[in-house]
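For reference, entry_29.cif is printed below; it contains mmCIF, C-alpha atoms.
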```cif
data_work
#
loop_
_atom_site.label_atom_id
_atom_site.label_comp_id
_atom_site.auth_asym_id
_atom_site.auth_seq_id
_atom_site.Cartn_x
_atom_site.Cartn_y
_atom_site.Cartn_z
CA MET A 1 110.14 104.80 118.55
CA ILE A 2 108.94 107.82 116.52
CA ILE A 3 110.85 106.59 113.46
CA GLU A 4 109.12 103.21 113.65
CA ILE A 5 105.78 105.06 113.59
CA GLY A 6 106.76 106.66 110.28
CA HIS A 7 107.78 103.31 108.80
CA PHE A 8 104.61 101.60 110.05
CA ALA A 9 102.50 104.46 108.64
CA LEU A 10 103.96 103.77 105.19
CA ILE A 11 102.97 100.11 105.44
CA LEU A 12 99.44 101.08 106.53
CA ALA A 13 99.30 103.57 103.64
CA PHE A 14 100.10 100.71 101.25
CA ALA A 15 97.21 98.75 102.77
CA ALA A 16 94.92 101.78 102.39
CA ALA A 17 95.92 102.08 98.72
CA CYS A 18 95.01 98.42 98.22
CA VAL A 19 91.58 99.06 99.78
CA GLN A 20 91.22 102.20 97.63
CA SER A 21 91.60 100.17 94.44
CA GLY A 22 90.23 96.86 95.67
CA SER A 23 86.90 98.25 96.89
CA VAL A 24 86.06 99.46 93.38
CA VAL A 25 87.03 96.13 91.83
CA TRP A 26 84.82 94.40 94.41
CA ALA A 27 81.95 96.77 93.63
CA ALA A 28 82.26 96.09 89.88
CA PHE A 29 82.36 92.29 90.13
CA MET A 30 79.91 91.84 93.01
CA ARG A 31 77.54 94.62 91.86
CA ASP A 32 77.85 96.20 95.30
CA GLU A 33 77.71 99.93 94.56
CA ALA A 34 77.87 100.80 98.26
CA ALA A 35 81.45 99.48 98.32
CA ARG A 36 82.51 102.31 96.00
CA SER A 37 82.28 104.81 98.86
CA LEU A 38 85.19 102.99 100.55
CA ALA A 39 87.53 104.40 97.89
CA THR A 40 86.87 107.94 99.14
CA SER A 41 87.57 107.04 102.78
CA ALA A 42 90.66 105.03 101.83
CA ALA A 43 92.07 107.92 99.77
CA LYS A 44 91.75 110.25 102.77
CA ALA A 45 93.28 107.65 105.10
CA GLN A 46 96.18 107.06 102.71
CA PHE A 47 96.95 110.79 102.62
CA VAL A 48 96.87 111.09 106.43
CA LEU A 49 99.18 108.08 106.84
CA VAL A 50 101.71 109.30 104.26
CA ALA A 51 101.57 112.80 105.79
CA LEU A 52 102.34 111.23 109.19
CA SER A 53 105.26 109.33 107.70
CA PHE A 54 106.60 112.46 106.00
CA ALA A 55 106.22 114.48 109.24
CA THR A 56 108.09 111.76 111.12
CA LEU A 57 111.07 111.92 108.76
CA THR A 58 111.01 115.73 108.90
CA TRP A 59 111.11 115.61 112.70
CA ALA A 60 114.08 113.24 112.54
CA TYR A 61 115.94 115.83 110.47
CA ILE A 62 114.96 118.75 112.70
CA SER A 63 115.98 116.88 115.87
CA SER A 64 119.18 115.55 114.22
CA ASP A 65 118.34 111.91 114.91
CA PHE A 66 121.50 110.31 113.55
CA SER A 67 120.28 106.84 114.45
CA VAL A 68 118.49 107.06 111.07
CA LEU A 69 120.80 106.32 108.13
CA ASN A 70 119.06 108.83 105.85
CA VAL A 71 119.48 111.66 108.38
CA ALA A 72 123.09 110.75 109.20
CA THR A 73 123.97 110.75 105.50
CA ASN A 74 122.29 114.04 104.57
CA SER A 75 122.22 116.32 107.63
CA HIS A 76 124.41 117.91 110.31
CA THR A 77 123.75 119.55 113.66
CA ALA A 78 125.24 122.83 112.45
CA LYS A 79 122.88 123.18 109.48
CA PRO A 80 120.32 126.03 109.59
CA LEU A 81 116.75 124.91 110.08
CA ILE A 82 115.79 125.62 106.45
CA TYR A 83 118.46 123.19 105.22
CA LYS A 84 117.48 120.57 107.78
CA ILE A 85 113.88 120.69 106.52
CA SER A 86 114.72 120.89 102.82
CA GLY A 87 117.31 118.17 103.37
CA VAL A 88 114.38 115.79 103.82
CA TRP A 89 113.89 115.76 100.03
CA GLY A 90 117.52 116.51 99.15
CA ASN A 91 118.18 112.78 98.70
CA HIS A 92 116.63 109.86 96.84
CA GLU A 93 114.66 108.24 99.67
CA GLY A 94 113.25 111.46 101.09
CA SER A 95 112.39 112.86 97.67
CA MET A 96 110.45 109.71 96.83
CA LEU A 97 108.52 110.11 100.07
CA LEU A 98 107.71 113.67 98.96
CA TRP A 99 106.64 112.22 95.58
CA VAL A 100 104.16 109.87 97.25
CA PHE A 101 102.99 112.62 99.61
CA MET A 102 102.04 114.75 96.60
CA LEU A 103 100.35 111.75 94.97
CA THR A 104 98.16 111.05 97.99
CA ALA A 105 97.45 114.77 98.43
CA PHE A 106 95.97 114.98 94.93
CA GLY A 107 93.98 111.80 95.51
CA ALA A 108 92.64 113.14 98.80
CA ALA A 109 91.75 116.43 97.08
CA VAL A 110 89.55 114.52 94.65
CA ALA A 111 88.02 112.63 97.59
CA TRP A 112 87.30 115.84 99.51
CA PHE A 113 86.39 118.27 96.72
CA GLY A 114 85.09 115.99 93.98
CA ASN A 115 81.52 115.90 95.28
CA ASN A 116 80.22 117.14 91.92
CA LEU A 117 81.50 113.98 90.23
CA PRO A 118 79.22 110.99 89.64
CA LEU A 119 79.99 108.31 92.26
CA ARG A 120 81.01 105.74 89.66
CA LEU A 121 83.47 108.09 87.93
CA LYS A 122 84.86 109.39 91.23
CA SER A 123 85.45 105.91 92.62
CA ASN A 124 87.10 104.76 89.37
CA VAL A 125 89.41 107.79 89.40
CA LEU A 126 90.38 107.09 93.01
CA ALA A 127 90.89 103.39 92.22
CA ILE A 128 93.38 104.21 89.46
CA GLN A 129 95.05 106.79 91.72
CA GLY A 130 95.27 104.09 94.40
CA LEU A 131 96.93 101.75 91.89
CA VAL A 132 99.64 104.36 91.27
CA GLY A 133 100.00 104.68 95.05
CA ILE A 134 100.43 100.90 95.41
CA ALA A 135 103.25 100.93 92.83
CA PHE A 136 105.23 103.76 94.42
CA LEU A 137 104.64 102.78 98.03
CA ALA A 138 105.97 99.35 97.11
CA PHE A 139 108.94 101.04 95.42
CA ILE A 140 109.74 103.00 98.60
CA THR A 141 109.33 100.15 101.08
CA ILE A 142 111.28 97.63 98.96
CA THR A 143 114.12 99.70 97.45
CA SER A 144 114.10 103.16 99.07
CA ASN A 145 113.16 102.93 102.75
CA PRO A 146 114.01 106.30 104.39
CA PHE A 147 113.65 104.88 107.92
CA ILE A 148 116.56 102.42 108.03
CA ARG A 149 118.25 102.52 111.44
CA LEU A 150 121.97 102.81 112.21
CA ASP A 151 123.32 100.67 115.03
CA PRO A 152 125.20 102.13 116.73
CA ALA A 153 123.89 105.63 116.05
CA GLN A 154 126.35 108.24 114.83
CA THR A 155 127.13 111.30 116.92
CA GLN A 156 127.33 113.57 113.87
CA GLY A 157 125.97 113.55 110.33
CA LYS A 158 127.88 113.89 107.06
CA GLY A 159 125.91 116.99 106.02
CA LEU A 160 124.01 117.99 102.92
CA ASN A 161 125.60 118.19 99.47
CA PRO A 162 127.03 121.75 99.21
CA LEU A 163 125.29 122.30 95.85
CA LEU A 164 121.95 121.66 97.58
CA GLN A 165 122.53 124.09 100.43
CA ASP A 166 120.48 126.80 98.80
CA PRO A 167 116.99 128.27 99.29
CA GLY A 168 116.19 126.87 95.86
CA LEU A 169 116.04 123.39 97.38
CA ALA A 170 113.18 124.52 99.62
CA ILE A 171 111.15 125.83 96.66
CA HIS A 172 112.04 124.00 93.46
CA PRO A 173 111.49 120.26 94.26
CA PRO A 174 108.09 120.62 96.01
CA LEU A 175 106.73 122.71 93.13
CA LEU A 176 108.18 120.38 90.51
CA TYR A 177 106.86 117.26 92.23
CA ALA A 178 103.41 118.80 92.63
CA GLY A 179 103.39 119.29 88.86
CA TYR A 180 104.88 115.91 88.00
CA VAL A 181 102.60 113.98 90.31
CA GLY A 182 99.53 116.18 89.78
CA LEU A 183 99.39 114.93 86.20
CA SER A 184 98.47 111.54 87.67
CA ILE A 185 94.94 112.88 88.23
CA ALA A 186 94.50 113.52 84.49
CA TYR A 187 95.80 109.99 83.90
CA SER A 188 93.32 108.55 86.41
CA PHE A 189 90.44 110.46 84.82
CA ALA A 190 91.47 109.16 81.40
CA VAL A 191 91.67 105.50 82.44
CA ALA A 192 88.38 105.87 84.34
CA ALA A 193 86.80 107.23 81.14
CA LEU A 194 88.15 104.23 79.21
CA ILE A 195 86.59 101.90 81.78
CA ASP A 196 83.18 103.57 81.43
CA GLY A 197 83.51 104.34 77.74
CA LYS A 198 82.19 107.85 78.33
CA VAL A 199 84.11 110.94 77.25
CA GLY A 200 82.27 114.19 76.65
CA THR A 201 81.78 117.78 77.67
CA ALA A 202 81.28 116.99 81.36
CA TRP A 203 84.37 114.76 81.55
CA ALA A 204 86.56 117.43 79.92
CA ARG A 205 85.14 120.08 82.26
CA TRP A 206 86.04 117.93 85.28
CA VAL A 207 89.55 116.98 84.15
CA ARG A 208 90.71 120.41 82.95
CA PRO A 209 91.02 122.20 86.36
CA TRP A 210 93.15 119.36 87.77
CA THR A 211 95.37 119.42 84.69
CA LEU A 212 95.67 123.20 84.89
CA ALA A 213 96.69 123.03 88.57
CA ALA A 214 99.40 120.44 87.80
CA TRP A 215 100.58 122.47 84.78
CA MET A 216 100.89 125.61 86.92
CA PHE A 217 102.93 123.79 89.57
CA LEU A 218 105.16 122.23 86.92
CA THR A 219 105.67 125.61 85.25
CA LEU A 220 106.68 127.22 88.54
CA GLY A 221 108.95 124.26 89.30
CA ILE A 222 110.75 124.61 85.96
CA VAL A 223 111.09 128.39 86.34
CA THR A 224 112.52 128.16 89.87
CA GLY A 225 114.84 125.34 88.78
CA SER A 226 116.13 127.45 85.88
CA TRP A 227 116.73 130.38 88.22
CA TRP A 228 118.58 128.14 90.69
CA ALA A 229 120.74 126.49 88.02
CA TYR A 230 121.58 129.87 86.48
CA TYR A 231 123.40 131.24 89.51
CA GLU A 232 124.45 127.95 91.14
CA LEU A 233 125.96 125.96 88.26
CA GLY A 234 127.30 128.81 86.14
CA TRP A 235 126.04 127.41 82.85
CA GLY A 236 125.76 130.90 81.39
CA GLY A 237 122.06 130.66 80.69
CA TRP A 238 118.68 129.71 82.08
CA TRP A 239 118.48 126.43 80.18
CA TYR A 240 121.18 123.89 79.34
CA TRP A 241 119.13 120.99 77.85
CA ASP A 242 120.47 118.75 80.59
CA PRO A 243 118.70 115.31 80.58
CA VAL A 244 116.99 115.95 83.91
CA GLU A 245 115.93 119.44 82.81
CA ASN A 246 114.42 117.81 79.74
CA ALA A 247 112.71 115.23 81.95
CA SER A 248 110.55 117.99 83.40
CA PHE A 249 110.14 119.93 80.16
CA ILE A 250 108.87 116.95 78.12
CA PRO A 251 105.71 116.37 80.21
CA TRP A 252 105.21 120.16 80.38
CA LEU A 253 104.93 120.27 76.58
CA ALA A 254 102.49 117.35 76.59
CA ALA A 255 100.46 118.90 79.43
CA THR A 256 100.23 122.18 77.50
CA ALA A 257 98.85 120.28 74.51
CA LEU A 258 96.44 118.42 76.82
CA LEU A 259 95.04 121.67 78.22
CA HIS A 260 94.29 122.98 74.74
CA SER A 261 92.85 119.68 73.58
CA ALA A 262 90.56 119.48 76.63
CA ILE A 263 89.14 122.89 75.69
CA VAL A 264 88.04 121.51 72.29
CA THR A 265 86.49 118.45 73.94
CA GLU A 266 84.68 120.62 76.48
CA LYS A 267 83.37 123.17 73.99
CA ARG A 268 82.71 121.01 70.94
CA GLU A 269 82.99 117.35 72.05
CA ALA A 270 85.71 116.92 69.43
CA LEU A 271 89.18 115.36 69.76
CA LYS A 272 87.86 113.10 72.53
CA GLY A 273 90.14 110.16 71.83
CA TRP A 274 93.15 112.46 71.37
CA THR A 275 92.48 114.17 74.72
CA VAL A 276 92.28 110.83 76.55
CA PHE A 277 95.48 109.68 74.84
CA LEU A 278 97.30 112.87 75.83
CA ALA A 279 96.19 112.50 79.47
CA ILE A 280 97.68 109.00 79.60
CA PHE A 281 100.77 109.91 77.60
CA THR A 282 101.55 113.01 79.68
CA PHE A 283 101.70 111.09 82.96
CA THR A 284 103.66 108.32 81.25
CA LEU A 285 106.23 110.98 80.32
CA SER A 286 106.35 112.00 83.99
CA LEU A 287 107.11 108.38 84.88
CA ILE A 288 109.84 108.29 82.21
CA GLY A 289 111.27 111.48 83.75
CA THR A 290 111.27 109.76 87.14
CA PHE A 291 113.16 106.85 85.55
CA ILE A 292 115.78 109.20 84.08
CA VAL A 293 116.36 110.86 87.46
CA ARG A 294 116.28 107.69 89.59
CA SER A 295 118.09 105.14 87.43
CA GLY A 296 121.33 106.98 86.65
CA VAL A 297 121.21 105.74 83.04
CA LEU A 298 121.94 109.28 81.85
CA THR A 299 124.62 111.45 83.37
CA SER A 300 123.34 114.63 85.01
CA VAL A 301 124.25 116.87 87.92
CA HIS A 302 120.57 116.63 88.93
CA ALA A 303 120.42 112.83 89.18
CA PHE A 304 119.45 111.49 92.60
CA ALA A 305 120.57 107.88 92.27
CA VAL A 306 122.65 105.48 90.18
CA ASP A 307 121.14 102.24 91.48
CA PRO A 308 120.17 99.89 88.59
CA GLU A 309 117.77 97.97 90.86
CA ARG A 310 115.73 101.10 91.44
CA GLY A 311 115.81 101.92 87.74
CA VAL A 312 114.48 98.47 86.83
CA PHE A 313 111.67 98.86 89.39
CA VAL A 314 110.62 102.24 87.94
CA LEU A 315 110.88 100.78 84.43
CA GLY A 316 108.43 98.07 85.50
CA ILE A 317 106.03 100.75 86.79
CA ILE A 318 106.26 102.56 83.44
CA PHE A 319 105.37 99.41 81.51
CA VAL A 320 102.47 98.45 83.79
CA LEU A 321 100.92 101.89 84.36
CA GLY A 322 102.05 103.78 81.28
CA PHE A 323 102.20 101.37 78.37
CA GLY A 324 99.50 99.17 79.90
CA ALA A 325 97.11 102.13 79.87
CA LEU A 326 98.11 102.98 76.28
CA VAL A 327 97.30 99.42 75.19
CA PHE A 328 93.95 99.70 77.00
CA PHE A 329 93.35 102.97 75.15
CA ALA A 330 94.09 101.31 71.81
CA ALA A 331 91.50 98.64 72.59
CA ARG A 332 88.78 101.04 73.77
CA ALA A 333 89.28 104.13 71.55
CA PRO A 334 87.35 102.77 68.53
CA TYR A 335 84.19 102.73 70.66
CA PHE A 336 84.23 106.50 71.28
CA GLN A 337 81.48 108.33 69.40
CA GLN A 338 82.52 110.84 66.78
CA GLY A 339 82.53 114.39 68.13
CA GLY A 340 81.50 117.68 66.55
CA VAL A 341 82.78 118.51 63.08
CA PHE A 342 84.50 121.77 62.19
CA SER A 343 85.84 123.53 59.12
CA LEU A 344 89.45 123.98 58.13
CA ILE A 345 89.39 127.62 59.26
CA SER A 346 88.16 127.46 62.87
CA ARG A 347 89.35 127.69 66.42
CA GLU A 348 89.26 123.89 66.67
CA THR A 349 91.71 123.60 63.77
CA SER A 350 94.05 126.16 65.31
CA LEU A 351 94.04 124.23 68.60
CA LEU A 352 94.62 120.99 66.70
CA LEU A 353 97.64 122.51 64.94
CA ASN A 354 98.81 123.76 68.32
CA ASN A 355 98.60 120.18 69.61
CA ILE A 356 100.48 118.76 66.64
CA ILE A 357 103.35 121.25 66.98
CA LEU A 358 103.65 120.78 70.75
CA SER A 359 103.48 116.99 70.41
CA VAL A 360 106.18 116.93 67.73
CA ALA A 361 108.35 119.21 69.89
CA CYS A 362 107.76 116.88 72.83
CA ILE A 363 108.82 113.81 70.83
CA VAL A 364 111.90 115.60 69.46
CA VAL A 365 113.11 116.52 72.96
CA LEU A 366 112.32 113.01 74.23
CA LEU A 367 114.23 111.29 71.42
CA GLY A 368 117.14 113.72 71.72
CA THR A 369 117.34 113.00 75.44
CA LEU A 370 117.10 109.20 75.12
CA TYR A 371 119.13 108.83 71.90
CA PRO A 372 122.49 108.40 73.72
CA LEU A 373 120.92 105.65 75.85
CA ILE A 374 119.48 103.90 72.78
CA ILE A 375 122.79 104.00 70.89
CA ASP A 376 124.67 102.75 73.94
CA ALA A 377 122.26 99.83 74.34
CA LEU A 378 122.28 98.86 70.64
CA LEU A 379 125.85 99.62 69.56
CA GLY A 380 127.78 100.09 72.80
CA GLU A 381 128.90 103.55 71.68
CA LYS A 382 129.02 106.59 73.97
CA ILE A 383 127.64 109.75 72.36
CA SER A 384 126.03 112.94 73.61
CA VAL A 385 123.29 115.16 72.25
CA GLY A 386 123.83 118.71 73.39
CA ALA A 387 122.34 122.18 73.25
CA PRO A 388 123.16 122.91 69.55
CA PHE A 389 120.84 120.10 68.38
CA PHE A 390 117.97 121.10 70.67
CA ASN A 391 118.31 124.82 69.98
CA PHE A 392 118.25 124.30 66.20
CA VAL A 393 115.44 121.71 65.92
CA TYR A 394 113.24 123.00 68.72
CA GLY A 395 113.73 126.62 67.65
CA TRP A 396 112.46 125.95 64.13
CA LEU A 397 109.50 123.97 65.48
CA MET A 398 108.39 126.97 67.50
CA VAL A 399 108.29 129.32 64.48
CA PRO A 400 104.91 128.07 63.12
CA LEU A 401 103.51 128.07 66.66
CA LEU A 402 104.46 131.73 67.12
CA ILE A 403 102.80 132.55 63.77
CA LEU A 404 99.64 130.64 64.71
CA LEU A 405 99.41 131.94 68.28
CA PRO A 406 97.94 135.43 67.62
CA PHE A 407 95.23 134.18 65.22
CA GLY A 408 93.91 131.09 67.02
CA PRO A 409 92.02 132.77 69.89
CA LEU A 410 90.36 135.22 67.46
CA LEU A 411 88.83 132.52 65.25
CA ALA A 412 85.24 131.42 65.82
CA TRP A 413 84.30 127.90 66.88
CA LYS A 414 83.24 125.44 64.14
CA ARG A 415 83.59 127.89 61.24
CA GLY A 416 85.94 130.84 61.49
CA ASP A 417 86.84 133.75 59.28
CA LEU A 418 90.55 134.40 58.79
CA LYS A 419 89.94 137.91 57.43
CA THR A 420 87.88 138.88 60.47
CA ALA A 421 90.54 137.44 62.80
CA ALA A 422 93.26 139.37 60.95
CA ARG A 423 91.22 142.58 61.20
CA TRP A 424 90.73 142.07 64.96
CA LEU A 425 94.44 141.31 65.29
#
```
Once you've parsed the file, please lay out its structure as structure tokens.
Amino acid sequence: MIIEIGHFALILAFAAACVQSGSVVWAAFMRDEAARSLATSAAKAQFVLVALSFATLTWAYISSDFSVLNVATNSHTAKPLIYKISGVWGNHEGSMLLWVFMLTAFGAAVAWFGNNLPLRLKSNVLAIQGLVGIAFLAFITITSNPFIRLDPAQTQGKGLNPLLQDPGLAIHPPLLYAGYVGLSIAYSFAVAALIDGKVGTAWARWVRPWTLAAWMFLTLGIVTGSWWAYYELGWGGWWYWDPVENASFIPWLAATALLHSAIVTEKREALKGWTVFLAIFTFTLSLIGTFIVRSGVLTSVHAFAVDPERGVFVLGIIFVLGFGALVFFAARAPYFQQGGVFSLISRETSLLLNNIILSVACIVVLLGTLYPLIIDALLGEKISVGAPFFNFVYGWLMVPLLILLPFGPLLAWKRGDLKTAARWL
């Protein structure tokens, strides 16, 4: 009966996500501003329901309930408690439930702690966040239900993959997912800004702390994953340029550029369109990373699933949420007012160059990762792009960034003095 509660909570969470988005649409079309407050309550309810569902699955693992297919496939009575708990997200279905848990947690955080936001902006952000929740809750319930029953129940489980029986499993995925999914808040703020047509100092000041929190989680997730892979897989280094490693590194590069761009928007109201674009593009890259991990289109020891149906579903989410938002940006960007101007030698210029270098590096890693898939689809040929390519191209791209890095923070806003910066350096 407890398992059915978890499944039913997921369905109710889907309904709450629909209310979270639908209430704002209703408020916009019916001019009923009071309806916007429903988005805040729905975001909190969605988080509580997903948390209940996640706790239910965790309890099934702890109690070794082998009447649940997911538990029977990935756990064993003899496993230590830490591996029973971390086994919850050591599989595709459970890890997607963790993904949605993080998503609703960030949405609820905005609902609880975003009291300084204007009601219209806050409700629009929560509506977009609810739309992402609708997509992934539908993905779980349709293709990745973790609460499927076994009849008759098994007396013993198959156990967790030996490679995953490591303390790293308890640390790395939650941190990585918090970073991956936390970038959805920057995306929601960006789309909300496109809806209102207002991007300025206040917007950048509101979006930057959420982006920084997601960036920190993603950084810690990548670091712990590198440490785990180093001693577990014996690759002889901290980084192997594996496709799934790249899937986390690509949005990290974009998020780093976004953080720097948001500073310029906050301080000088410049690069407004570019900052909004980066916020959308960064989360789109997170969705592409999810596709790489979940679809099995690229071979990796990290891949969770090789089910084409799931890959097609995630691909649909990418087109609707990611590319749909980019098309919306293309339509609305010309209406943004021009921001502050600055000279060639200035802190703004240094941050712009920083953005260009990081963005080019991001695209290079993305194309290098997807190139085998593109060639296979177009020509039917199997090729691989390995570490030598990435080390050479990416290494040279980082040289101008390392040269620029010491000078940028020492330059003045709007009009800097390179000689003064060099003297301070």
- Message: Using all atoms listed in the file, can you tell me which of A:Ile11, A:Ala387, A:Leu194, A:Ala34 comes closest to Ala331 of chain A?
- Response: A:Leu194
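In terms of minimum interatomic distance to Pro80 of chain A, A:Ile62 ranks closest within A:Leu98, A:Ile62, A:Ala111, A:Ile250, counting all atoms listed in the file.
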- Message: Could you tell me, as an NGL selection string, exactly which residues end up selected when the PyMOL selection byres ((chain A and resi 49) around 12) is applied to this structure?
- Response: :A and (5-17 or 42-48 or 50-56 or 97 or 100-101 or 104-105 or 108 or 137)
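Between atom CA of Arg120 of chain A and atom CA of Ala28 of chain A there is a distance of 9.7 Å.
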- Query: In Å to one decimal, how far is atom CA of Ser286 of chain A from atom CA of Thr219 of chain A?
  - Reply: 13.7 Å
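Residues surrounding Val25 of chain A within 9 Å are Ser21, Phe29, Met30, Arg36, Asn124 and Ala127 of chain A [all atoms listed in the file; sequence separation below 4 positions excluded].
Here atom CA of Ala60 of chain A and atom CA of Ile142 of chain A stand 20.9 Å from one another.
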- Task: Tell me which residues the PyMOL selection byres ((chain A and resi 261-272) around 6) grabs here, as a PyMOL selection string.
- Result: chain A and resi 200-201+204-205+258-260+273-275+339-340
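Considering the residues A:Pro334, A:Gly157, A:Gly179, A:Pro174 and counting all atoms listed in the file, Gly197 of chain A has its shortest atom-to-atom contact with A:Pro334.
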- Task: Step by step, work through what the PyMOL selection byres ((chain A and resi 35) around 10) selects in the shown file, and finish by giving those residues as a PyMOL selection string.
- Result: chain A and resi 22-28+30-34+36-39+123
- Item | Residue nearest Gly90 of chain A among A:Ile171, A:Ile317, A:Leu131, A:Val276 (counting all atoms listed in the file) | A:Ile171
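Using all atoms listed in the file, the nearest neighbour of Trp252 of chain A within the list A:Trp203, A:Phe283, A:Phe277, A:Trp210 is A:Phe283.
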What residues have an atom no more than 12 Å from (112.8, 114.8, 69.8) in the file's own frame, counting all atoms listed in the file, and can you write them as a PDB file with C-alpha atoms, in the frame of the given file?
```pdb
ATOM      1  CA  TRP A 241     119.130 120.990  77.850  1.00  0.00           C
ATOM      2  CA  ASN A 246     114.420 117.810  79.740  1.00  0.00           C
ATOM      3  CA  PHE A 249     110.140 119.930  80.160  1.00  0.00           C
ATOM      4  CA  ILE A 250     108.870 116.950  78.120  1.00  0.00           C
ATOM      5  CA  LEU A 253     104.930 120.270  76.580  1.00  0.00           C
ATOM      6  CA  ILE A 357     103.350 121.250  66.980  1.00  0.00           C
ATOM      7  CA  LEU A 358     103.650 120.780  70.750  1.00  0.00           C
ATOM      8  CA  SER A 359     103.480 116.990  70.410  1.00  0.00           C
ATOM      9  CA  VAL A 360     106.180 116.930  67.730  1.00  0.00           C
ATOM     10  CA  ALA A 361     108.350 119.210  69.890  1.00  0.00           C
ATOM     11  CA  CYS A 362     107.760 116.880  72.830  1.00  0.00           C
ATOM     12  CA  ILE A 363     108.820 113.810  70.830  1.00  0.00           C
ATOM     13  CA  VAL A 364     111.900 115.600  69.460  1.00  0.00           C
ATOM     14  CA  VAL A 365     113.110 116.520  72.960  1.00  0.00           C
ATOM     15  CA  LEU A 366     112.320 113.010  74.230  1.00  0.00           C
ATOM     16  CA  LEU A 367     114.230 111.290  71.420  1.00  0.00           C
ATOM     17  CA  GLY A 368     117.140 113.720  71.720  1.00  0.00           C
ATOM     18  CA  THR A 369     117.340 113.000  75.440  1.00  0.00           C
ATOM     19  CA  LEU A 370     117.100 109.200  75.120  1.00  0.00           C
ATOM     20  CA  TYR A 371     119.130 108.830  71.900  1.00  0.00           C
ATOM     21  CA  VAL A 385     123.290 115.160  72.250  1.00  0.00           C
ATOM     22  CA  PHE A 389     120.840 120.100  68.380  1.00  0.00           C
ATOM     23  CA  PHE A 390     117.970 121.100  70.670  1.00  0.00           C
ATOM     24  CA  ASN A 391     118.310 124.820  69.980  1.00  0.00           C
ATOM     25  CA  PHE A 392     118.250 124.300  66.200  1.00  0.00           C
ATOM     26  CA  VAL A 393     115.440 121.710  65.920  1.00  0.00           C
ATOM     27  CA  TYR A 394     113.240 123.000  68.720  1.00  0.00           C
ATOM     28  CA  LEU A 397     109.500 123.970  65.480  1.00  0.00           C
TER      29      LEU A 397
END
```
